[in-house]
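File shown here: target.csv, holding CSV, C-alpha atoms.
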chain,number,residue,atom,x,y,z
Q,1,MET,CA,49.9,27.6,-177.6
Q,2,ASN,CA,53.5,28.9,-177.1
Q,3,ARG,CA,54.7,25.3,-177.5
Q,4,PHE,CA,52.8,24.9,-180.7
Q,5,VAL,CA,54.2,28.1,-182.1
Q,6,THR,CA,57.7,26.9,-181.2
Q,7,ALA,CA,57.1,23.5,-182.9
Q,8,GLU,CA,55.7,25.2,-186.0
Q,9,ARG,CA,58.7,27.5,-186.3
Q,10,ALA,CA,61.1,24.5,-185.9
Q,11,LEU,CA,59.3,22.6,-188.8
Q,12,ARG,CA,59.2,25.7,-191.1
Q,13,THR,CA,62.9,26.4,-190.7
Q,14,ALA,CA,64.1,22.7,-191.0
Q,15,ALA,CA,66.0,21.5,-194.0
Q,16,PRO,CA,63.6,19.7,-196.4
Q,17,HIS,CA,65.2,16.3,-195.8
Q,18,GLU,CA,65.3,16.8,-192.0
Q,19,LEU,CA,61.6,17.4,-191.2
Q,20,LEU,CA,61.2,14.2,-189.2
Q,21,ASP,CA,64.4,14.8,-187.2
Q,22,ALA,CA,63.1,18.4,-186.5
Q,23,ALA,CA,59.7,17.0,-185.4
Q,24,ARG,CA,61.4,14.4,-183.1
Q,25,ARG,CA,63.6,17.1,-181.5
Q,26,VAL,CA,60.8,19.5,-180.8
Q,27,LEU,CA,58.4,16.8,-179.6
Q,28,ALA,CA,61.0,15.5,-177.2
Q,29,GLU,CA,61.8,18.9,-175.9
Q,30,LEU,CA,58.3,20.3,-175.6
Q,31,TYR,CA,56.1,17.3,-175.0
Q,32,ALA,CA,58.7,14.8,-173.5
Q,33,ALA,CA,58.0,12.4,-176.4
Q,34,GLU,CA,60.1,9.3,-176.3
Q,35,SER,CA,59.9,8.7,-180.1
Q,36,ALA,CA,58.1,9.8,-183.2
Q,37,GLU,CA,57.7,8.0,-186.5
Q,38,LEU,CA,56.2,9.3,-189.8
Q,39,PHE,CA,54.4,6.8,-192.1
Q,40,MET,CA,53.6,7.8,-195.7
Q,41,ALA,CA,50.7,6.2,-197.6
Q,42,ASP,CA,52.1,4.2,-200.6
Q,43,TYR,CA,50.9,4.9,-204.1
Q,44,GLY,CA,48.4,2.0,-204.0
Q,45,LEU,CA,46.9,3.1,-200.7
Q,46,THR,CA,47.5,-0.4,-199.2
Q,47,VAL,CA,50.3,0.2,-196.7
Q,48,LEU,CA,51.9,3.0,-194.7
Q,49,GLN,CA,55.6,3.1,-195.2
Q,50,PRO,CA,57.9,4.5,-192.4
Q,51,VAL,CA,60.1,7.4,-193.4
Q,52,SER,CA,63.7,6.1,-192.6
Q,53,VAL,CA,67.1,6.0,-194.1
Q,54,LEU,CA,67.6,4.0,-197.3
Q,55,PRO,CA,67.3,1.1,-197.9
Q,56,TYR,CA,64.3,1.3,-195.6
Q,57,THR,CA,64.7,-1.7,-193.3
Q,58,SER,CA,61.6,-0.8,-191.2
Q,59,GLU,CA,58.4,-2.7,-192.0
Q,60,PRO,CA,55.3,-1.0,-193.5
Q,61,VAL,CA,52.0,-1.3,-191.7
Q,62,SER,CA,48.6,-2.1,-193.4
Q,63,VAL,CA,46.2,0.6,-194.2
Q,64,HIS,CA,43.3,-1.7,-193.6
Q,65,ASN,CA,44.0,-3.7,-190.4
Q,66,SER,CA,46.3,-1.7,-188.2
Q,67,VAL,CA,45.9,1.0,-185.5
Q,68,VAL,CA,48.0,3.3,-187.6
Q,69,GLY,CA,45.8,2.6,-190.6
Q,70,ARG,CA,42.7,3.3,-188.5
Q,71,ALA,CA,44.0,6.8,-187.8
Q,72,PHE,CA,44.7,7.2,-191.5
Q,73,GLY,CA,41.3,6.0,-192.6
Q,74,ALA,CA,39.2,7.8,-190.0
Q,75,GLN,CA,41.3,11.0,-190.2
Q,76,GLU,CA,41.1,11.2,-186.4
Q,77,PRO,CA,43.7,10.8,-183.7
Q,78,VAL,CA,43.9,7.3,-182.2
Q,79,VAL,CA,45.5,6.7,-178.8
Q,80,GLU,CA,46.9,3.4,-177.6
Q,81,THR,CA,47.9,2.9,-174.0
Q,82,ALA,CA,50.1,0.3,-172.5
Q,83,GLY,CA,52.5,0.1,-169.6
Q,84,GLY,CA,51.8,3.7,-168.6
Q,85,ARG,CA,52.8,5.0,-172.0
Q,86,ALA,CA,50.6,6.4,-174.8
Q,87,ARG,CA,51.1,6.0,-178.5
Q,88,VAL,CA,49.3,8.7,-180.3
Q,89,HIS,CA,48.6,8.2,-184.1
Q,90,LEU,CA,47.9,11.5,-185.8
Q,91,PRO,CA,46.7,11.8,-189.4
Q,92,VAL,CA,49.0,13.9,-191.6
Q,93,SER,CA,46.9,15.6,-194.4
Q,94,VAL,CA,46.8,18.8,-196.4
Q,95,ARG,CA,43.4,20.2,-197.4
Q,96,GLY,CA,41.8,16.8,-197.4
Q,97,ASP,CA,44.7,15.0,-199.2
Q,98,ARG,CA,45.7,12.2,-196.9
Q,99,LEU,CA,49.5,11.8,-196.8
Q,100,GLY,CA,50.2,9.5,-193.9
Q,101,VAL,CA,50.3,9.3,-190.1
Q,102,LEU,CA,52.6,10.7,-187.4
Q,103,THR,CA,53.0,8.3,-184.4
Q,104,VAL,CA,54.2,9.9,-181.2
Q,105,THR,CA,55.1,7.9,-178.0
Q,106,LEU,CA,54.5,9.8,-174.8
Q,107,PRO,CA,55.7,8.6,-171.3
Q,108,ASP,CA,52.4,9.5,-169.5
Q,109,GLU,CA,49.2,8.0,-170.7
Q,110,ASP,CA,47.2,10.2,-168.5
Q,111,GLY,CA,48.6,13.4,-170.1
Q,112,ALA,CA,48.0,12.4,-173.7
Q,113,GLU,CA,44.5,13.8,-173.9
Q,114,GLY,CA,45.6,17.2,-172.7
Q,115,VAL,CA,48.0,17.6,-175.6
Q,116,LEU,CA,46.1,15.7,-178.3
Q,117,GLU,CA,44.8,18.8,-180.0
Q,118,GLU,CA,48.2,20.5,-180.1
Q,119,LEU,CA,49.8,17.3,-181.5
Q,120,ALA,CA,47.2,17.0,-184.2
Q,121,GLU,CA,47.9,20.6,-185.3
Q,122,ILE,CA,51.6,19.8,-185.4
Q,123,ALA,CA,50.9,16.8,-187.6
Q,124,GLN,CA,49.0,19.1,-190.0
Q,125,VAL,CA,51.9,21.6,-190.1
Q,126,LEU,CA,54.2,18.6,-190.8
Q,127,GLY,CA,52.0,17.7,-193.7
Q,128,HIS,CA,52.2,21.1,-195.3
Q,129,GLU,CA,56.0,21.1,-194.9
Q,130,VAL,CA,56.3,17.7,-196.5
Q,131,VAL,CA,54.4,18.9,-199.6
Q,132,VAL,CA,56.7,22.0,-199.8
Q,133,ALA,CA,59.8,19.9,-199.1
Q,134,GLU,CA,59.0,17.5,-202.0
Q,135,ARG,CA,60.1,20.2,-204.4
Q,136,ASP,CA,63.7,19.9,-203.0
Q,137,THR,CA,64.1,16.3,-201.8
Q,138,ASP,CA,63.1,12.7,-202.8
Q,139,VAL,CA,63.0,11.4,-199.2
Q,140,TYR,CA,59.2,11.5,-198.8
Q,141,LEU,CA,58.5,10.4,-202.4
Q,142,GLN,CA,60.8,7.4,-201.9
Q,143,ALA,CA,59.1,6.5,-198.7
Q,144,ARG,CA,55.8,6.2,-200.5
Q,145,ARG,CA,57.0,3.3,-202.7
Q,146,LYS,CA,56.6,-0.3,-201.7
Q,147,ASP,CA,57.6,-1.2,-205.2
Q,148,ARG,CA,59.5,0.5,-208.0
Q,149,LEU,CA,57.4,2.7,-210.3
Q,150,THR,CA,57.6,2.2,-214.0
Q,151,LEU,CA,58.8,5.3,-215.9
Q,152,ALA,CA,55.4,5.9,-217.3
Q,153,ALA,CA,53.9,5.7,-213.8
Q,154,GLU,CA,56.6,8.1,-212.5
Q,155,MET,CA,55.6,10.6,-215.1
Q,156,GLN,CA,51.9,10.2,-214.4
Q,157,TRP,CA,52.1,10.6,-210.6
Q,158,GLN,CA,54.2,13.8,-211.0
Q,159,LEU,CA,51.4,15.2,-213.2
Q,160,LEU,CA,48.6,14.7,-210.7
Q,161,PRO,CA,47.4,17.5,-208.3
Q,162,GLY,CA,47.0,15.1,-205.4
Q,163,ARG,CA,44.7,12.3,-204.4
Q,164,ALA,CA,42.1,14.2,-202.5
Q,165,CYS,CA,41.0,17.8,-201.9
Q,166,ALA,CA,38.3,19.2,-199.5
Q,167,ARG,CA,36.6,22.6,-199.2
Q,168,PRO,CA,33.3,23.5,-197.5
Q,169,GLU,CA,31.5,23.2,-200.9
Q,170,TYR,CA,32.9,19.8,-201.9
Q,171,GLU,CA,35.1,16.9,-201.2
Q,172,LEU,CA,37.2,15.1,-203.9
Q,173,GLY,CA,39.0,11.8,-203.9
Q,174,ALA,CA,40.7,9.9,-206.8
Q,175,GLN,CA,42.9,6.8,-207.3
Q,176,LEU,CA,44.6,5.1,-210.2
Q,177,GLU,CA,45.3,1.4,-210.8
Q,178,PRO,CA,47.7,-0.3,-211.2
Q,179,ALA,CA,49.4,2.3,-209.0
Q,180,TYR,CA,52.9,1.3,-209.9
Q,181,ALA,CA,52.4,0.8,-213.6
Q,182,ILE,CA,49.7,3.2,-214.8
Q,183,TYR,CA,49.7,4.3,-218.5
Q,184,GLY,CA,47.6,7.2,-219.7
Q,185,ASP,CA,44.6,7.7,-217.3
Q,186,ASN,CA,44.7,10.9,-215.4
Q,187,PHE,CA,42.7,13.4,-213.3
Q,188,ASP,CA,43.2,17.1,-212.7
Q,189,TRP,CA,41.5,19.8,-210.8
Q,190,SER,CA,41.8,23.4,-209.9
Q,191,ALA,CA,39.7,25.7,-207.7
Q,192,THR,CA,39.2,29.5,-207.4
Q,193,ALA,CA,36.9,31.4,-205.0
Q,194,ASP,CA,33.9,30.7,-207.2
Q,195,HIS,CA,34.7,27.7,-209.5
Q,196,LEU,CA,36.0,24.2,-209.5
Q,197,MET,CA,37.4,22.8,-212.7
Q,198,LEU,CA,37.7,19.0,-212.9
Q,199,TYR,CA,39.1,16.9,-215.8
Q,200,VAL,CA,38.9,13.1,-216.0
Q,201,THR,CA,41.1,11.6,-218.7
Q,202,ASN,CA,41.2,8.2,-220.4
Q,203,GLY,CA,44.5,8.0,-222.1
Q,204,MET,CA,45.2,6.0,-225.3
Q,205,GLY,CA,48.0,3.4,-225.6
Q,206,GLU,CA,50.4,1.9,-223.1
Q,207,GLY,CA,53.7,2.7,-221.3
Q,208,ILE,CA,55.7,5.8,-222.1
Q,209,GLU,CA,53.7,6.7,-225.3
Q,210,ALA,CA,50.5,6.8,-223.3
Q,211,SER,CA,52.1,8.9,-220.6
Q,212,LEU,CA,53.6,11.3,-223.1
Q,213,LEU,CA,50.3,11.8,-224.8
Q,214,THR,CA,48.5,12.5,-221.5
Q,215,ASN,CA,51.3,14.9,-220.4
Q,216,LEU,CA,50.9,16.9,-223.6
Q,217,ALA,CA,47.1,17.1,-223.3
Q,218,ILE,CA,46.9,17.9,-219.6
Q,219,ASN,CA,49.5,20.6,-219.9
Q,220,ALA,CA,47.7,22.1,-222.9
Q,221,LEU,CA,44.5,22.2,-220.9
Q,222,ARG,CA,46.3,23.8,-217.9
Q,223,ASN,CA,47.9,26.3,-220.2
Q,224,ALA,CA,44.5,27.4,-221.6
Q,225,ARG,CA,42.9,27.3,-218.2
Q,226,ARG,CA,45.5,29.5,-216.6
Q,227,ALA,CA,45.1,32.0,-219.4
Q,228,GLY,CA,41.5,32.4,-218.3
Q,229,ILE,CA,40.0,30.7,-221.3
Q,230,ALA,CA,36.5,29.1,-221.2
Q,231,LEU,CA,36.0,25.4,-220.9
Q,232,ALA,CA,35.0,24.7,-224.6
Q,233,ASP,CA,38.0,26.7,-225.8
Q,234,GLN,CA,40.3,24.9,-223.5
Q,235,ALA,CA,39.2,21.7,-225.2
Q,236,ALA,CA,39.7,23.2,-228.6
Q,237,LEU,CA,43.2,24.4,-227.9
Q,238,ALA,CA,44.3,21.1,-226.3
Q,239,ASP,CA,42.8,19.3,-229.3
Q,240,GLN,CA,44.9,21.4,-231.6
Q,241,ALA,CA,48.0,20.8,-229.6
Q,242,VAL,CA,47.5,17.0,-229.6
Q,243,TYR,CA,46.6,16.9,-233.3
Q,244,ALA,CA,49.6,19.1,-234.3
Q,245,HIS,CA,52.0,16.6,-232.7
Q,246,TYR,CA,50.3,13.2,-233.5
Q,247,ARG,CA,48.3,14.1,-236.7
Q,248,GLY,CA,45.4,11.9,-235.6
Q,249,ARG,CA,47.5,8.8,-234.9
Q,250,CYS,CA,46.9,9.2,-231.1
Q,251,TYR,CA,44.1,11.0,-229.3
Q,252,LEU,CA,42.7,11.3,-225.8
Q,253,SER,CA,39.3,11.1,-224.2
Q,254,VAL,CA,38.4,13.5,-221.5
Q,255,LEU,CA,35.4,14.7,-219.4
Q,256,MET,CA,35.7,18.4,-218.4
Q,257,PHE,CA,33.7,20.1,-215.8
Q,258,ASP,CA,33.4,23.7,-214.5
Q,259,PHE,CA,31.4,23.8,-211.3
Q,260,ASP,CA,29.9,27.1,-210.1
Q,261,LEU,CA,30.5,26.8,-206.3
Q,262,ALA,CA,27.7,29.3,-205.5
Q,263,THR,CA,24.9,27.8,-207.6
Q,264,GLY,CA,25.8,24.2,-208.4
Q,265,ARG,CA,25.5,24.9,-212.1
Q,266,VAL,CA,28.0,22.8,-214.1
Q,267,ALA,CA,29.3,23.3,-217.6
Q,268,VAL,CA,30.5,20.1,-219.3
Q,269,VAL,CA,32.5,19.1,-222.3
Q,270,ASP,CA,32.2,15.4,-223.0
Q,271,ALA,CA,35.1,14.4,-225.4
Q,272,GLY,CA,35.3,10.7,-225.2
Q,273,SER,CA,34.8,7.6,-223.1
Q,274,PRO,CA,35.0,8.5,-219.3
Q,275,ARG,CA,31.6,8.1,-217.6
Q,276,MET,CA,29.8,9.7,-214.7
Q,277,LEU,CA,27.2,8.2,-212.3
Q,278,ARG,CA,25.3,10.2,-209.7
Q,279,LEU,CA,24.1,9.0,-206.3
Q,280,ARG,CA,21.2,11.1,-205.2
Q,281,GLY,CA,18.5,10.3,-202.7
Q,282,GLY,CA,19.7,6.7,-202.3
Q,283,SER,CA,19.5,5.9,-206.0
Q,284,VAL,CA,22.4,5.6,-208.5
Q,285,GLU,CA,21.9,6.6,-212.2
Q,286,PRO,CA,24.3,7.3,-215.1
Q,287,VAL,CA,24.4,10.9,-216.2
Q,288,THR,CA,25.1,11.1,-220.0
Q,289,PHE,CA,26.0,14.1,-222.2
Q,290,GLU,CA,26.2,14.6,-225.9
Q,291,PRO,CA,29.4,12.9,-226.9
Q,292,GLN,CA,32.0,14.9,-228.9
Q,293,LEU,CA,35.2,13.9,-230.5
Q,294,PRO,CA,38.3,13.0,-228.4
Q,295,LEU,CA,41.1,15.5,-228.3
Q,296,GLY,CA,43.5,15.3,-231.2
Q,297,MET,CA,41.4,12.9,-233.4
Q,298,PHE,CA,40.9,15.5,-236.2
Q,299,ASP,CA,42.1,19.0,-237.0
Q,300,GLU,CA,40.4,22.1,-235.5
Q,301,THR,CA,37.5,20.3,-233.9
Q,302,ASP,CA,34.9,22.7,-232.3
Q,303,TYR,CA,33.6,21.9,-228.8
Q,304,VAL,CA,30.5,23.1,-227.1
Q,305,THR,CA,29.5,23.0,-223.4
Q,306,GLN,CA,26.4,21.4,-222.0
Q,307,GLU,CA,25.0,22.1,-218.5
Q,308,PHE,CA,23.5,20.2,-215.6
Q,309,GLN,CA,22.8,20.9,-211.9
Q,310,VAL,CA,24.2,19.4,-208.8
Q,311,GLU,CA,22.4,19.5,-205.5
Q,312,PRO,CA,23.7,19.4,-201.9
Q,313,GLY,CA,24.1,15.7,-201.0
Q,314,ASP,CA,24.9,14.6,-204.5
Q,315,ARG,CA,27.8,12.1,-205.0
Q,316,LEU,CA,29.3,12.0,-208.5
Q,317,VAL,CA,31.6,9.1,-209.4
Q,318,PHE,CA,33.7,9.3,-212.6
Q,319,VAL,CA,35.4,6.3,-214.1
Q,320,SER,CA,37.6,5.4,-217.1
Q,321,ASP,CA,36.9,2.5,-219.5
Q,322,GLY,CA,39.4,0.5,-217.4
Q,323,VAL,CA,36.6,0.3,-214.9
Q,324,HIS,CA,33.3,0.0,-216.7
Q,325,ALA,CA,34.7,-2.2,-219.6
Q,326,VAL,CA,36.7,-4.7,-217.4
Q,327,ALA,CA,35.5,-8.3,-217.8
Q,328,ASP,CA,35.1,-11.1,-215.3
Q,329,PRO,CA,36.6,-14.6,-216.0
Q,330,GLN,CA,33.5,-15.5,-218.0
Q,331,GLY,CA,33.9,-12.3,-220.2
Q,332,THR,CA,31.0,-10.3,-218.8
Q,333,ALA,CA,31.7,-6.6,-218.6
Q,334,TYR,CA,31.6,-4.8,-215.3
Q,335,GLY,CA,29.2,-2.1,-216.7
Q,336,ASP,CA,27.0,0.5,-215.1
Q,337,ALA,CA,24.9,-2.0,-213.0
Q,338,ALA,CA,27.9,-3.4,-211.1
Q,339,LEU,CA,29.4,0.0,-210.7
Q,340,ALA,CA,26.1,1.3,-209.3
Q,341,ARG,CA,26.1,-1.5,-206.7
Q,342,ALA,CA,29.7,-0.6,-205.8
Q,343,ILE,CA,28.7,3.0,-205.4
Q,344,GLN,CA,25.8,2.0,-203.1
Q,345,ALA,CA,28.1,-0.3,-201.1
Q,346,THR,CA,30.5,2.6,-200.4
Q,347,ARG,CA,27.9,5.3,-199.8
Q,348,LEU,CA,28.9,5.8,-196.2
Q,349,LEU,CA,32.6,6.2,-196.9
Q,350,PRO,CA,34.1,9.7,-197.3
Q,351,ALA,CA,34.9,10.7,-200.9
Q,352,ALA,CA,38.7,10.2,-200.3
Q,353,GLU,CA,38.2,6.5,-199.6
Q,354,VAL,CA,35.6,5.6,-202.2
Q,355,PRO,CA,37.9,5.3,-205.3
Q,356,ARG,CA,40.2,2.8,-203.5
Q,357,ALA,CA,37.2,0.8,-202.2
Q,358,ILE,CA,35.6,0.6,-205.7
Q,359,LEU,CA,39.0,-0.5,-207.3
Q,360,ARG,CA,39.4,-3.2,-204.7
Q,361,GLU,CA,35.9,-4.5,-205.6
Q,362,LEU,CA,36.8,-4.4,-209.2
Q,363,THR,CA,39.9,-6.5,-208.6
Q,364,GLY,CA,37.7,-9.2,-207.1
Q,365,TYR,CA,35.3,-9.0,-210.1
Q,366,ARG,CA,38.0,-9.6,-212.7
Q,367,GLY,CA,39.4,-12.4,-210.7
Q,368,ARG,CA,43.1,-11.5,-210.9
Q,369,THR,CA,45.4,-8.9,-209.4
Q,370,LEU,CA,46.8,-7.2,-212.5
Q,371,PRO,CA,44.5,-5.5,-214.9
Q,372,ASP,CA,44.8,-5.4,-218.7
Q,373,ASP,CA,44.1,-1.7,-218.7
Q,374,ASP,CA,44.7,1.1,-216.2
Q,375,ALA,CA,41.6,2.2,-214.3
Q,376,LEU,CA,40.6,5.5,-212.8
Q,377,VAL,CA,38.0,6.4,-210.2
Q,378,VAL,CA,37.2,9.9,-209.1
Q,379,CYS,CA,34.6,10.7,-206.4
Q,380,LEU,CA,33.1,14.2,-205.8
Q,381,ASP,CA,30.7,14.9,-202.9
Q,382,TRP,CA,28.8,18.1,-203.4
Q,383,ASN,CA,27.9,20.0,-200.2
Q,384,GLY,CA,26.9,23.3,-201.8
Q,385,ARG,CA,27.5,26.7,-200.4
Could you render the structure as structure tokens?
Amino acid sequence: MNRFVTAERALRTAAPHELLDAARRVLAELYAAESAELFMADYGLTVLQPVSVLPYTSEPVSVHNSVVGRAFGAQEPVVETAGGRARVHLPVSVRGDRLGVLTVTLPDEDGAEGVLEELAEIAQVLGHEVVVAERDTDVYLQARRKDRLTLAAEMQWQLLPGRACARPEYELGAQLEPAYAIYGDNFDWSATADHLMLYVTNGMGEGIEASLLTNLAINALRNARRAGIALADQAALADQAVYAHYRGRCYLSVLMFDFDLATGRVAVVDAGSPRMLRLRGGSVEPVTFEPQLPLGMFDETDYVTQEFQVEPGDRLVFVSDGVHAVADPQGTAYGDAALARAIQATRLLPAAEVPRAILRELTGYRGRTLPDDDALVVCLDWNGR
């Protein structure tokens, strides 16, 4: 434990851009580690990129068919042994948000098991420090890119809360496509001791204009939420903000949820096109609400909340129209039936992995890599209190 405290202190006091160097030093001094590498998950969740000095000459590894990727996907340490050495792959995550993998090479394969728990905790501390350090350095954000982001995508990724979140009551996962050129789709969440608020947004337009519209709407919703305003009034205030700027030329569709963590009662505002499907007891069915006007379409629109109940074991999947409206080469829309099959096929995956898996299946359905519209999938597993 004294070694762990020393390692934790070294990471907390390191300069933001020197976290990996600090981890290497402390792992070498306290655990006789021969090397340590930090791999960051790229924006598309397809590869793990090594954190290194620009221009990044080290090769990325696959998320789907590598040992490092196995540790990332399973969120459990994976130990490789060869030649008397042990390579320990440790997931780096923060409250369920999977950031990457820390790989540590130890000289004694027999001693790896004895320090595995301590090394896993050090990897978690490193994850927390990476999140804090990203306020002050671009090192880790740069390491996440296997391609250059468009300016619109840069703005959208900076607006997001993360790609996953976990608490005893729920687990959340979300992903956007195309990861390096998204337009206006967005998700946002915030939790207190008793409530989870979740927004799923289907933005209008393309490129910078779509990103600017979404930024305005999301920040208007956050401003109202942080003032303690109820869900329907949040929608009304964001509607006024968008209309005041665009005068109805542009508007934004959003599904808004306020989950009571103690009871599972959910207040909903359905202002547009995002959809929700529920997996319960082995069957998938769409859950519909009374539709209301998108934010910013008309002046001073009033919004009302509806309610529904979630039960322990429920899985909720939310999608934008870039998912359910996408067409195959013959022109047949993906629709709720195909989406229900995809939800069934991924029912054994954790919530954090479901969005990426559904989006991979969607790519096969449309028959080409690049979509015509951006696509959003959010998965919520409800455990209850």
### Query
Can you find the residues with an atom no farther than 9 Å from (52.1, 18.4, -185.5), counting all atoms listed in the file, and report them as number ranges by chain?
Q: 4, 7-8, 11, 23, 27, 90, 92, 102, 118-127
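Reported to one decimal place, the separation of CA of Gly73 in chain Q from CA of Glu37 in chain Q is 17.6 Å.
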Against range 215-228 of chain Q, which residues of range 112-177 of chain Q fall within 12 Å? For each one I want the closest pair of atoms and the distance in Å (one decimal), counting all atoms listed in the file, rows by chain and increasing residue number, as a Markdown table.
| residue | atom | partner | partner_atom | distance |
| --- | --- | --- | --- | --- |
| Q:Ala152 | CA | Q:Asn215 | CA | 10.4 |
| Q:Ala153 | CA | Q:Asn215 | CA | 11.6 |
| Q:Glu154 | CA | Q:Asn215 | CA | 11.7 |
| Q:Met155 | CA | Q:Asn215 | CA | 8.1 |
| Q:Gln156 | CA | Q:Asn215 | CA | 7.6 |
| Q:Trp157 | CA | Q:Asn215 | CA | 10.7 |
| Q:Gln158 | CA | Q:Asn215 | CA | 9.9 |
| Q:Leu159 | CA | Q:Asn215 | CA | 7.2 |
| Q:Leu160 | CA | Q:Ile218 | CA | 9.6 |
| Q:Pro161 | CA | Q:Ile218 | CA | 11.3 |
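Interatomic distance, CA of Leu255 in chain Q against CA of Val378 in chain Q: 11.5 Å.
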### Message
At a cut-off of 6 Å, using only C-alpha atoms, what residues contact range 364-373 of chain Q? Leave out same-chain residues fewer than 4 positions from it and give the result as a ChimeraX atom specification.
### Response
/Q:322,327-328
### Query
So how many Å separate CA of Phe72 in chain Q and CA of Arg341 in chain Q, to one decimal?
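So the answer is 25.5 Å.
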### Message
Would you pick out the contacts of Thr305 in chain Q at 7 Å or less, using all atoms listed in the file, so that residues sharing its chain but fewer than 4 positions from it are not included, and give the list as a VMD selection string?
### Response
chain Q and resid 232 267 to 269
### Task
Taking the point (61.1, 10.3, -196.5) as given in the file, collect each protein or nucleic acid residue that comes within 6 Å of it, counting only C-alpha atoms, and present the set as a PyMOL selection string.
chain Q and resi 51+139-140+143
Print the selection's residues with C-alpha atoms to a file, as a tab-separated table (two decimals), in the coordinates of the input.
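Everything below was put into selection34.tsv:
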chain	number	residue	atom	x	y	z
Q	51	VAL	CA	60.10	7.40	-193.40
Q	139	VAL	CA	63.00	11.40	-199.20
Q	140	TYR	CA	59.20	11.50	-198.80
Q	143	ALA	CA	59.10	6.50	-198.70
### Task
Tell me which protein, DNA and RNA residues are within 6 Å of Tyr170 in chain Q, counting all atoms listed in the file, leaving out same-chain ones fewer than 4 positions away, and put them as JSON, numbers by chain.
{"Q": [166, 381, 382, 383]}
### Task
For each of Q:Pro286, Q:Pro355, Q:Gly248, Q:Gly114, take the minimum atom-to-atom distance to Asp299 in chain Q, counting all atoms listed in the file, then give the residue where this is smallest.
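Ranking Q:Pro286, Q:Pro355, Q:Gly248, Q:Gly114 by distance to Asp299 in chain Q, first place goes to Q:Gly248.
Comparing Q:Ala14, Q:Ala74, Q:Ala375, Q:Leu362 by their smallest distance to Leu349 in chain Q, the closest is Q:Ala74 (using only C-alpha atoms).
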Excluding same-chain residues fewer than 2 positions from range 316-319 of chain Q, what lies within 6 Å of it counting all atoms listed in the file, as a PDB file with C-alpha atoms, in the coordinates of the input?
ATOM      1  CA  PRO Q 274      35.000   8.500-219.300  1.00  0.00           C
ATOM      2  CA  ARG Q 275      31.600   8.100-217.600  1.00  0.00           C
ATOM      3  CA  MET Q 276      29.800   9.700-214.700  1.00  0.00           C
ATOM      4  CA  LEU Q 277      27.200   8.200-212.300  1.00  0.00           C
ATOM      5  CA  ARG Q 278      25.300  10.200-209.700  1.00  0.00           C
ATOM      6  CA  LEU Q 376      40.600   5.500-212.800  1.00  0.00           C
ATOM      7  CA  VAL Q 377      38.000   6.400-210.200  1.00  0.00           C
ATOM      8  CA  VAL Q 378      37.200   9.900-209.100  1.00  0.00           C
ATOM      9  CA  CYS Q 379      34.600  10.700-206.400  1.00  0.00           C
ATOM     10  CA  LEU Q 380      33.100  14.200-205.800  1.00  0.00           C
TER      11      LEU Q 380
END
### Message
Need to verify the contact set: Leu149 in chain Q, 9 Å, only C-alpha atoms, exclusion of same-chain residues closer than 6 positions in sequence. Can you return it as an MDAnalysis selection string?
### Response
chainID Q and resid 179:182
### Query
Nearest to Gln49 in chain Q among Q:Gly331, Q:Pro91, Q:Gly100, Q:Gly264, with distances taken over all atoms listed in the file: which residue is it?
Q:Gly100
### Residue among Q:Ala28, Q:Val287, Q:Ala41, Q:Leu293 lying closest to Glu307 in chain Q, counting all atoms listed in the file
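Under the stated criterion, the closest residue is Q:Val287.
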